[in-house]
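Source file query-v8.cif; content: mmCIF, N, CA and C atoms.
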```
data_final
loop_
_atom_site.label_atom_id
_atom_site.label_comp_id
_atom_site.auth_asym_id
_atom_site.auth_seq_id
_atom_site.Cartn_x
_atom_site.Cartn_y
_atom_site.Cartn_z
N MET A 825 -140.62 114.00 107.12
CA MET A 825 -139.67 114.54 106.18
C MET A 825 -139.07 115.85 106.71
N ILE A 826 -139.88 116.71 107.31
CA ILE A 826 -139.37 117.97 107.85
C ILE A 826 -138.44 117.68 109.01
N LYS A 827 -138.77 116.68 109.84
CA LYS A 827 -137.89 116.33 110.94
C LYS A 827 -136.55 115.85 110.41
N LYS A 828 -136.58 115.10 109.33
CA LYS A 828 -135.37 114.49 108.79
C LYS A 828 -134.47 115.52 108.10
N TYR A 829 -135.04 116.42 107.32
CA TYR A 829 -134.25 117.38 106.52
C TYR A 829 -134.36 118.83 107.00
N GLY A 830 -135.18 119.12 107.95
CA GLY A 830 -135.44 120.48 108.42
C GLY A 830 -134.19 121.21 108.89
N THR A 831 -133.35 120.53 109.67
CA THR A 831 -132.13 121.17 110.19
C THR A 831 -131.17 121.51 109.04
N GLY A 832 -131.04 120.60 108.09
CA GLY A 832 -130.15 120.85 106.94
C GLY A 832 -130.64 121.99 106.08
N ILE A 833 -131.95 122.04 105.83
CA ILE A 833 -132.52 123.12 105.03
C ILE A 833 -132.36 124.45 105.76
N LEU A 834 -132.61 124.46 107.06
CA LEU A 834 -132.46 125.68 107.84
C LEU A 834 -131.00 126.16 107.82
N ALA A 835 -130.04 125.24 107.93
CA ALA A 835 -128.63 125.61 107.88
C ALA A 835 -128.27 126.20 106.52
N ALA A 836 -128.80 125.63 105.45
CA ALA A 836 -128.53 126.14 104.10
C ALA A 836 -129.11 127.54 103.94
N ILE A 837 -130.29 127.78 104.44
CA ILE A 837 -130.92 129.11 104.35
C ILE A 837 -130.09 130.14 105.11
N ILE A 838 -129.63 129.78 106.29
CA ILE A 838 -128.81 130.71 107.09
C ILE A 838 -127.49 131.00 106.38
N ALA A 839 -126.86 129.98 105.80
CA ALA A 839 -125.59 130.17 105.10
C ALA A 839 -125.75 131.10 103.90
N VAL A 840 -126.81 130.94 103.13
CA VAL A 840 -127.06 131.80 101.98
C VAL A 840 -127.33 133.23 102.43
N ALA A 841 -128.10 133.38 103.49
CA ALA A 841 -128.41 134.72 103.99
C ALA A 841 -127.15 135.42 104.49
N MET A 842 -126.28 134.70 105.18
CA MET A 842 -125.05 135.32 105.69
C MET A 842 -124.11 135.68 104.54
N ALA A 843 -124.02 134.85 103.52
CA ALA A 843 -123.15 135.14 102.37
C ALA A 843 -123.63 136.37 101.62
N ALA A 844 -124.92 136.59 101.61
CA ALA A 844 -125.48 137.75 100.89
C ALA A 844 -125.06 139.07 101.53
N PHE A 845 -124.74 139.04 102.82
CA PHE A 845 -124.39 140.27 103.52
C PHE A 845 -122.91 140.36 103.86
N THR A 846 -122.09 139.52 103.28
CA THR A 846 -120.65 139.54 103.51
C THR A 846 -119.98 140.35 102.41
N ARG A 847 -119.17 141.32 102.81
CA ARG A 847 -118.47 142.15 101.85
C ARG A 847 -117.26 141.40 101.30
N PRO A 848 -117.07 141.38 99.97
CA PRO A 848 -115.93 140.67 99.41
C PRO A 848 -114.62 141.35 99.79
N HIS A 849 -113.58 140.57 99.89
CA HIS A 849 -112.25 141.10 100.21
C HIS A 849 -111.69 141.84 99.01
N THR A 850 -111.25 143.08 99.22
CA THR A 850 -110.62 143.85 98.16
C THR A 850 -109.14 143.99 98.51
N PRO A 851 -108.27 143.42 97.70
CA PRO A 851 -106.84 143.51 98.01
C PRO A 851 -106.34 144.95 97.88
N PRO A 852 -105.35 145.33 98.66
CA PRO A 852 -104.80 146.69 98.54
C PRO A 852 -104.10 146.86 97.19
N LEU A 853 -104.00 148.10 96.76
CA LEU A 853 -103.31 148.40 95.50
C LEU A 853 -101.83 148.07 95.64
N ALA A 854 -101.24 147.60 94.56
CA ALA A 854 -99.83 147.23 94.57
C ALA A 854 -98.93 148.45 94.44
N GLY A 855 -99.42 149.51 93.89
CA GLY A 855 -98.60 150.71 93.68
C GLY A 855 -99.47 151.95 93.70
N PRO A 856 -98.84 153.10 93.57
CA PRO A 856 -99.61 154.34 93.59
C PRO A 856 -100.67 154.39 92.49
N PRO A 857 -101.85 154.90 92.82
CA PRO A 857 -102.90 155.08 91.81
C PRO A 857 -102.48 156.15 90.80
N VAL A 858 -102.86 155.92 89.55
CA VAL A 858 -102.52 156.85 88.46
C VAL A 858 -103.81 157.42 87.87
N PHE A 859 -103.82 158.73 87.68
CA PHE A 859 -104.94 159.42 87.06
C PHE A 859 -104.44 160.08 85.78
N GLU A 860 -105.26 160.03 84.75
CA GLU A 860 -104.88 160.59 83.45
C GLU A 860 -105.80 161.75 83.12
N PHE A 861 -105.20 162.81 82.59
CA PHE A 861 -105.99 163.97 82.21
C PHE A 861 -106.81 163.64 80.97
N ASP A 862 -108.10 163.99 81.00
CA ASP A 862 -109.00 163.75 79.87
C ASP A 862 -108.90 164.94 78.91
N GLY A 863 -108.11 164.76 77.87
CA GLY A 863 -107.87 165.84 76.91
C GLY A 863 -109.09 166.29 76.14
N THR A 864 -110.16 165.50 76.14
CA THR A 864 -111.36 165.91 75.41
C THR A 864 -112.02 167.11 76.06
N THR A 865 -111.66 167.39 77.31
CA THR A 865 -112.24 168.55 78.01
C THR A 865 -111.52 169.84 77.64
N GLY A 866 -110.39 169.73 76.97
CA GLY A 866 -109.60 170.92 76.59
C GLY A 866 -108.44 171.13 77.53
N TYR A 867 -107.28 171.40 76.97
CA TYR A 867 -106.06 171.59 77.75
C TYR A 867 -105.91 173.03 78.21
N THR A 868 -106.84 173.50 79.04
CA THR A 868 -106.75 174.84 79.61
C THR A 868 -106.13 174.74 81.00
N VAL A 869 -105.55 175.83 81.47
CA VAL A 869 -104.96 175.83 82.80
C VAL A 869 -106.01 175.49 83.85
N SER A 870 -107.20 176.07 83.76
CA SER A 870 -108.23 175.81 84.77
C SER A 870 -108.69 174.35 84.75
N ASN A 871 -108.76 173.74 83.58
CA ASN A 871 -109.15 172.33 83.51
C ASN A 871 -108.08 171.43 84.12
N VAL A 872 -106.82 171.68 83.80
CA VAL A 872 -105.73 170.85 84.32
C VAL A 872 -105.63 170.99 85.84
N GLU A 873 -105.87 172.18 86.36
CA GLU A 873 -105.79 172.40 87.81
C GLU A 873 -107.01 171.89 88.56
N ASN A 874 -108.09 171.57 87.87
CA ASN A 874 -109.31 171.07 88.50
C ASN A 874 -109.15 169.56 88.74
N THR A 875 -109.17 169.12 89.99
CA THR A 875 -108.93 167.72 90.33
C THR A 875 -110.18 166.85 90.28
N SER A 876 -111.26 167.39 89.78
CA SER A 876 -112.51 166.62 89.64
C SER A 876 -112.31 165.43 88.71
N ASN A 877 -113.09 164.38 88.93
CA ASN A 877 -112.98 163.21 88.04
C ASN A 877 -113.56 163.49 86.66
N THR A 878 -114.08 164.67 86.43
CA THR A 878 -114.47 165.08 85.09
C THR A 878 -113.21 165.27 84.23
N TYR A 879 -112.14 165.74 84.87
CA TYR A 879 -110.91 166.05 84.16
C TYR A 879 -109.82 164.99 84.35
N TRP A 880 -109.72 164.45 85.54
CA TRP A 880 -108.69 163.46 85.86
C TRP A 880 -109.36 162.11 86.11
N LYS A 881 -109.10 161.13 85.27
CA LYS A 881 -109.72 159.80 85.33
C LYS A 881 -108.73 158.78 85.89
N TYR A 882 -109.19 157.97 86.82
CA TYR A 882 -108.37 156.89 87.35
C TYR A 882 -108.15 155.86 86.24
N VAL A 883 -106.89 155.48 86.00
CA VAL A 883 -106.58 154.54 84.92
C VAL A 883 -105.88 153.27 85.41
N GLY A 884 -105.48 153.20 86.66
CA GLY A 884 -104.82 152.01 87.18
C GLY A 884 -103.68 152.36 88.11
N GLU A 885 -102.83 151.37 88.32
CA GLU A 885 -101.66 151.54 89.18
C GLU A 885 -100.44 151.89 88.34
N ILE A 886 -99.43 152.41 88.99
CA ILE A 886 -98.22 152.86 88.29
C ILE A 886 -97.56 151.72 87.52
N SER A 887 -97.67 150.49 88.02
CA SER A 887 -97.06 149.36 87.32
C SER A 887 -97.74 149.08 85.98
N GLN A 888 -99.04 149.43 85.89
CA GLN A 888 -99.79 149.21 84.66
C GLN A 888 -99.77 150.44 83.76
N LYS A 889 -99.78 151.60 84.35
CA LYS A 889 -99.87 152.87 83.62
C LYS A 889 -98.75 153.80 84.07
N PRO A 890 -97.55 153.64 83.54
CA PRO A 890 -96.44 154.50 83.95
C PRO A 890 -96.66 155.96 83.52
N LEU A 891 -95.88 156.83 84.11
CA LEU A 891 -95.97 158.24 83.76
C LEU A 891 -95.51 158.45 82.32
N CYS A 892 -95.95 159.55 81.72
CA CYS A 892 -95.66 159.86 80.32
C CYS A 892 -94.29 160.52 80.19
N GLN A 893 -93.83 160.62 78.98
CA GLN A 893 -92.56 161.28 78.68
C GLN A 893 -92.83 162.43 77.71
N GLY A 894 -92.71 163.64 78.17
CA GLY A 894 -92.94 164.79 77.31
C GLY A 894 -93.00 166.06 78.12
N VAL A 895 -93.22 167.18 77.44
CA VAL A 895 -93.20 168.47 78.13
C VAL A 895 -94.30 169.42 77.68
N ASN A 896 -95.14 169.04 76.73
CA ASN A 896 -96.05 170.01 76.12
C ASN A 896 -97.43 170.14 76.73
N LYS A 897 -98.03 169.04 77.20
CA LYS A 897 -99.37 169.13 77.76
C LYS A 897 -99.59 168.06 78.81
N ALA A 898 -100.56 168.29 79.69
CA ALA A 898 -100.82 167.41 80.83
C ALA A 898 -101.05 165.97 80.40
N CYS A 899 -100.57 165.04 81.22
CA CYS A 899 -100.76 163.62 80.91
C CYS A 899 -101.27 162.86 82.13
N ARG A 900 -100.38 162.54 83.07
CA ARG A 900 -100.77 161.70 84.21
C ARG A 900 -100.18 162.21 85.52
N VAL A 901 -100.87 161.84 86.62
CA VAL A 901 -100.33 162.04 87.96
C VAL A 901 -100.41 160.71 88.70
N ALA A 902 -99.40 160.44 89.51
CA ALA A 902 -99.38 159.26 90.39
C ALA A 902 -99.32 159.79 91.81
N VAL A 903 -100.24 159.35 92.66
CA VAL A 903 -100.35 159.90 94.01
C VAL A 903 -100.39 158.79 95.05
N THR A 904 -100.06 159.13 96.27
CA THR A 904 -100.18 158.17 97.36
C THR A 904 -101.66 158.01 97.71
N ASN A 905 -101.96 156.98 98.46
CA ASN A 905 -103.34 156.71 98.85
C ASN A 905 -103.95 157.84 99.68
N SER A 906 -103.12 158.70 100.26
CA SER A 906 -103.63 159.82 101.05
C SER A 906 -104.38 160.84 100.19
N TYR A 907 -104.17 160.79 98.87
CA TYR A 907 -104.74 161.80 97.98
C TYR A 907 -105.80 161.24 97.03
N VAL A 908 -106.46 160.16 97.44
CA VAL A 908 -107.57 159.62 96.65
C VAL A 908 -108.78 159.47 97.55
N ASP A 909 -109.95 159.37 96.94
CA ASP A 909 -111.18 159.28 97.71
C ASP A 909 -111.33 157.94 98.44
N ASN A 910 -110.85 156.85 97.86
CA ASN A 910 -110.98 155.53 98.46
C ASN A 910 -109.75 154.71 98.08
N PRO A 911 -108.82 154.50 99.00
CA PRO A 911 -107.57 153.82 98.66
C PRO A 911 -107.74 152.42 98.07
N SER A 912 -108.77 151.68 98.44
CA SER A 912 -108.93 150.33 97.89
C SER A 912 -109.68 150.33 96.56
N ASN A 913 -110.35 151.43 96.24
CA ASN A 913 -111.08 151.53 94.97
C ASN A 913 -111.16 153.00 94.56
N PRO A 914 -110.03 153.59 94.17
CA PRO A 914 -110.02 155.03 93.88
C PRO A 914 -110.84 155.38 92.63
N THR A 915 -111.57 156.48 92.75
CA THR A 915 -112.30 156.98 91.58
C THR A 915 -111.97 158.43 91.30
N GLN A 916 -111.44 159.13 92.31
CA GLN A 916 -111.06 160.52 92.05
C GLN A 916 -110.00 160.99 93.03
N LEU A 917 -109.31 162.05 92.63
CA LEU A 917 -108.30 162.69 93.46
C LEU A 917 -109.00 163.40 94.61
N SER A 918 -108.30 163.52 95.75
CA SER A 918 -108.90 164.17 96.91
C SER A 918 -107.81 164.86 97.73
N GLY A 919 -107.97 166.14 97.98
CA GLY A 919 -107.06 166.88 98.84
C GLY A 919 -105.72 167.21 98.23
N ILE A 920 -105.65 167.21 96.93
CA ILE A 920 -104.38 167.49 96.25
C ILE A 920 -104.53 168.75 95.40
N THR A 921 -103.44 169.47 95.22
CA THR A 921 -103.45 170.66 94.38
C THR A 921 -102.50 170.43 93.21
N ILE A 922 -103.01 170.70 92.03
CA ILE A 922 -102.21 170.60 90.81
C ILE A 922 -102.08 172.01 90.24
N SER A 923 -100.86 172.42 89.94
CA SER A 923 -100.63 173.72 89.31
C SER A 923 -100.25 173.49 87.85
N ALA A 924 -100.69 174.41 87.01
CA ALA A 924 -100.43 174.28 85.57
C ALA A 924 -100.10 175.63 84.96
N SER A 925 -99.48 175.57 83.79
CA SER A 925 -99.22 176.78 83.00
C SER A 925 -99.27 176.36 81.54
N LEU A 926 -99.34 177.36 80.67
CA LEU A 926 -99.40 177.05 79.24
C LEU A 926 -98.03 176.61 78.75
N GLY A 927 -98.02 175.54 77.96
CA GLY A 927 -96.77 175.05 77.37
C GLY A 927 -96.51 175.73 76.04
N GLY A 928 -95.47 175.33 75.38
CA GLY A 928 -95.07 175.92 74.11
C GLY A 928 -96.08 175.72 73.00
N THR A 929 -96.91 174.71 73.10
CA THR A 929 -97.91 174.44 72.08
C THR A 929 -99.23 175.17 72.33
N GLY A 930 -99.31 175.88 73.46
CA GLY A 930 -100.55 176.57 73.81
C GLY A 930 -101.47 175.71 74.65
N ASP A 931 -101.08 174.48 74.94
CA ASP A 931 -101.85 173.60 75.81
C ASP A 931 -101.28 173.67 77.22
N ALA A 932 -102.15 173.47 78.22
CA ALA A 932 -101.70 173.52 79.61
C ALA A 932 -100.93 172.26 79.98
N LYS A 933 -99.89 172.46 80.78
CA LYS A 933 -99.09 171.35 81.28
C LYS A 933 -99.00 171.47 82.80
N VAL A 934 -98.79 170.35 83.47
CA VAL A 934 -98.65 170.34 84.92
C VAL A 934 -97.26 170.86 85.26
N THR A 935 -97.21 171.79 86.24
CA THR A 935 -95.92 172.35 86.65
C THR A 935 -95.57 171.98 88.08
N SER A 936 -96.57 171.63 88.90
CA SER A 936 -96.28 171.19 90.27
C SER A 936 -97.50 170.47 90.84
N ILE A 937 -97.24 169.74 91.92
CA ILE A 937 -98.27 168.95 92.56
C ILE A 937 -97.99 168.94 94.06
N THR A 938 -99.02 168.79 94.87
CA THR A 938 -98.86 168.70 96.31
C THR A 938 -97.93 167.55 96.67
N ASP A 939 -97.04 167.78 97.63
CA ASP A 939 -96.15 166.76 98.17
C ASP A 939 -95.36 166.04 97.07
N PRO A 940 -94.53 166.78 96.31
CA PRO A 940 -93.83 166.20 95.17
C PRO A 940 -92.82 165.11 95.54
N SER A 941 -92.45 165.01 96.81
CA SER A 941 -91.52 163.94 97.19
C SER A 941 -92.22 162.57 97.18
N ASP A 942 -93.54 162.56 97.32
CA ASP A 942 -94.31 161.31 97.30
C ASP A 942 -95.21 161.16 96.08
N ASN A 943 -95.61 162.27 95.48
CA ASN A 943 -96.50 162.25 94.33
C ASN A 943 -95.73 162.68 93.08
N GLY A 944 -96.16 162.21 91.94
CA GLY A 944 -95.48 162.56 90.71
C GLY A 944 -96.44 162.99 89.63
N TYR A 945 -95.91 163.67 88.63
CA TYR A 945 -96.74 164.09 87.49
C TYR A 945 -95.90 163.98 86.23
N SER A 946 -96.61 163.97 85.12
CA SER A 946 -95.92 163.93 83.84
C SER A 946 -96.73 164.65 82.80
N ASN A 947 -96.04 165.07 81.78
CA ASN A 947 -96.68 165.72 80.64
C ASN A 947 -96.38 164.88 79.41
N GLN A 948 -97.06 165.17 78.34
CA GLN A 948 -96.86 164.39 77.10
C GLN A 948 -96.36 165.29 75.99
N PRO A 949 -95.83 164.68 74.94
CA PRO A 949 -95.31 165.47 73.82
C PRO A 949 -96.38 166.33 73.15
#
```
Full structure transcribed into structure tokens:
Amino acid sequence: MIKKYGTGILAAIIAVAMAAFTRPHTPPLAGPPVFEFDGTTGYTVSNVENTSNTYWKYVGEISQKPLCQGVNKACRVAVTNSYVDNPSNPTQLSGITISASLGGTGDAKVTSITDPSDNGYSNQP
């Protein structure tokens, strides 16, 4: 019985072992990654300027999460893959500077971002 089925069983074991160590294909993002400011942390200038994922959360691509329309407080930034930690699976901003100032409501709003010709930002009402 081992002579008859041994080669097939061995081939199946090798195939399962190789599949276990194969990394799945991750397709590239279709558009710029978008990060949204977490307002629960407070709309202070220092919080808005802090690019940590404590304050700025990845929410998807620009096609799914467009920029906001408003002027009063921080909302979203869309950046090129050069400014994220992992272009195929971004979790946080990396190497970018966000500048902020207080808006008319007393909440901080984004006023500039690194490389504005390629990166964008928006504020909300």
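Minimum distance to Thr915 in chain A across A:Asn871, A:Thr865, A:Thr929, A:Thr878 (counting only C-alpha atoms) occurs at A:Thr878.
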Which residues match the PyMOL selection byres ((chain A and resi 884-897) around 6) in the file above, as a PyMOL selection string? chain A and resi 855-859+882-883+898-900+927-929+931-934+946-949
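Here CA of Gly930 in chain A is placed at a distance of 22.2 Å from CA of Ser876 in chain A.
With distances taken over all atoms listed in the file, A:Ser925 is the one residue among A:Ser918, A:Thr938, A:Asn943, A:Ser925 lying closest to Val872 in chain A.
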Distance atom C of Tyr879 in chain A-atom N of Asp942 in chain A, one decimal place?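 Separation of atom C of Tyr879 in chain A and atom N of Asp942 in chain A: 21.0 Å.
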Exercise on range 895-908 of chain A, axis-aligned box with 3 Å per side, report centre and edge lengths in Å to one decimal, as AutoDock Vina command-line options:
```
--center_x -101.0 --center_y 163.4 --center_z 88.6 --size_x 21.6 --size_y 19.4 --size_z 30.9
```
May I ask for the distance between atom C of Tyr945 in chain A and atom N of Asn910 in chain A, given in Å to one decimal place?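 So the answer is 20.2 Å.
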Residues selected by the PyMOL selection byres ((chain A and resi 873) around 7), written as a PDB file with N, CA and C atoms, in the coordinates of the input:
```pdb
ATOM      1  N   THR A 868    -106.840 173.500  79.040  1.00  0.00           N
ATOM      2  CA  THR A 868    -106.750 174.840  79.610  1.00  0.00           C
ATOM      3  C   THR A 868    -106.130 174.740  81.000  1.00  0.00           C
ATOM      4  N   VAL A 869    -105.550 175.830  81.470  1.00  0.00           N
ATOM      5  CA  VAL A 869    -104.960 175.830  82.800  1.00  0.00           C
ATOM      6  C   VAL A 869    -106.010 175.490  83.850  1.00  0.00           C
ATOM      7  N   SER A 870    -107.200 176.070  83.760  1.00  0.00           N
ATOM      8  CA  SER A 870    -108.230 175.810  84.770  1.00  0.00           C
ATOM      9  C   SER A 870    -108.690 174.350  84.750  1.00  0.00           C
ATOM     10  N   ASN A 871    -108.760 173.740  83.580  1.00  0.00           N
ATOM     11  CA  ASN A 871    -109.150 172.330  83.510  1.00  0.00           C
ATOM     12  C   ASN A 871    -108.080 171.430  84.120  1.00  0.00           C
ATOM     13  N   VAL A 872    -106.820 171.680  83.800  1.00  0.00           N
ATOM     14  CA  VAL A 872    -105.730 170.850  84.320  1.00  0.00           C
ATOM     15  C   VAL A 872    -105.630 170.990  85.840  1.00  0.00           C
ATOM     16  N   ASN A 874    -108.090 171.570  87.870  1.00  0.00           N
ATOM     17  CA  ASN A 874    -109.310 171.070  88.500  1.00  0.00           C
ATOM     18  C   ASN A 874    -109.150 169.560  88.740  1.00  0.00           C
ATOM     19  N   THR A 875    -109.170 169.120  89.990  1.00  0.00           N
ATOM     20  CA  THR A 875    -108.930 167.720  90.330  1.00  0.00           C
ATOM     21  C   THR A 875    -110.180 166.850  90.280  1.00  0.00           C
ATOM     22  N   SER A 876    -111.260 167.390  89.780  1.00  0.00           N
ATOM     23  CA  SER A 876    -112.510 166.620  89.640  1.00  0.00           C
ATOM     24  C   SER A 876    -112.310 165.430  88.710  1.00  0.00           C
ATOM     25  N   THR A 921    -103.440 169.470  95.220  1.00  0.00           N
ATOM     26  CA  THR A 921    -103.450 170.660  94.380  1.00  0.00           C
ATOM     27  C   THR A 921    -102.500 170.430  93.210  1.00  0.00           C
ATOM     28  N   ILE A 922    -103.010 170.700  92.030  1.00  0.00           N
ATOM     29  CA  ILE A 922    -102.210 170.600  90.810  1.00  0.00           C
ATOM     30  C   ILE A 922    -102.080 172.010  90.240  1.00  0.00           C
ATOM     31  N   SER A 923    -100.860 172.420  89.940  1.00  0.00           N
ATOM     32  CA  SER A 923    -100.630 173.720  89.310  1.00  0.00           C
ATOM     33  C   SER A 923    -100.250 173.490  87.850  1.00  0.00           C
ATOM     34  N   ALA A 924    -100.690 174.410  87.010  1.00  0.00           N
ATOM     35  CA  ALA A 924    -100.430 174.280  85.570  1.00  0.00           C
ATOM     36  C   ALA A 924    -100.100 175.630  84.960  1.00  0.00           C
TER      37      ALA A 924
END
```
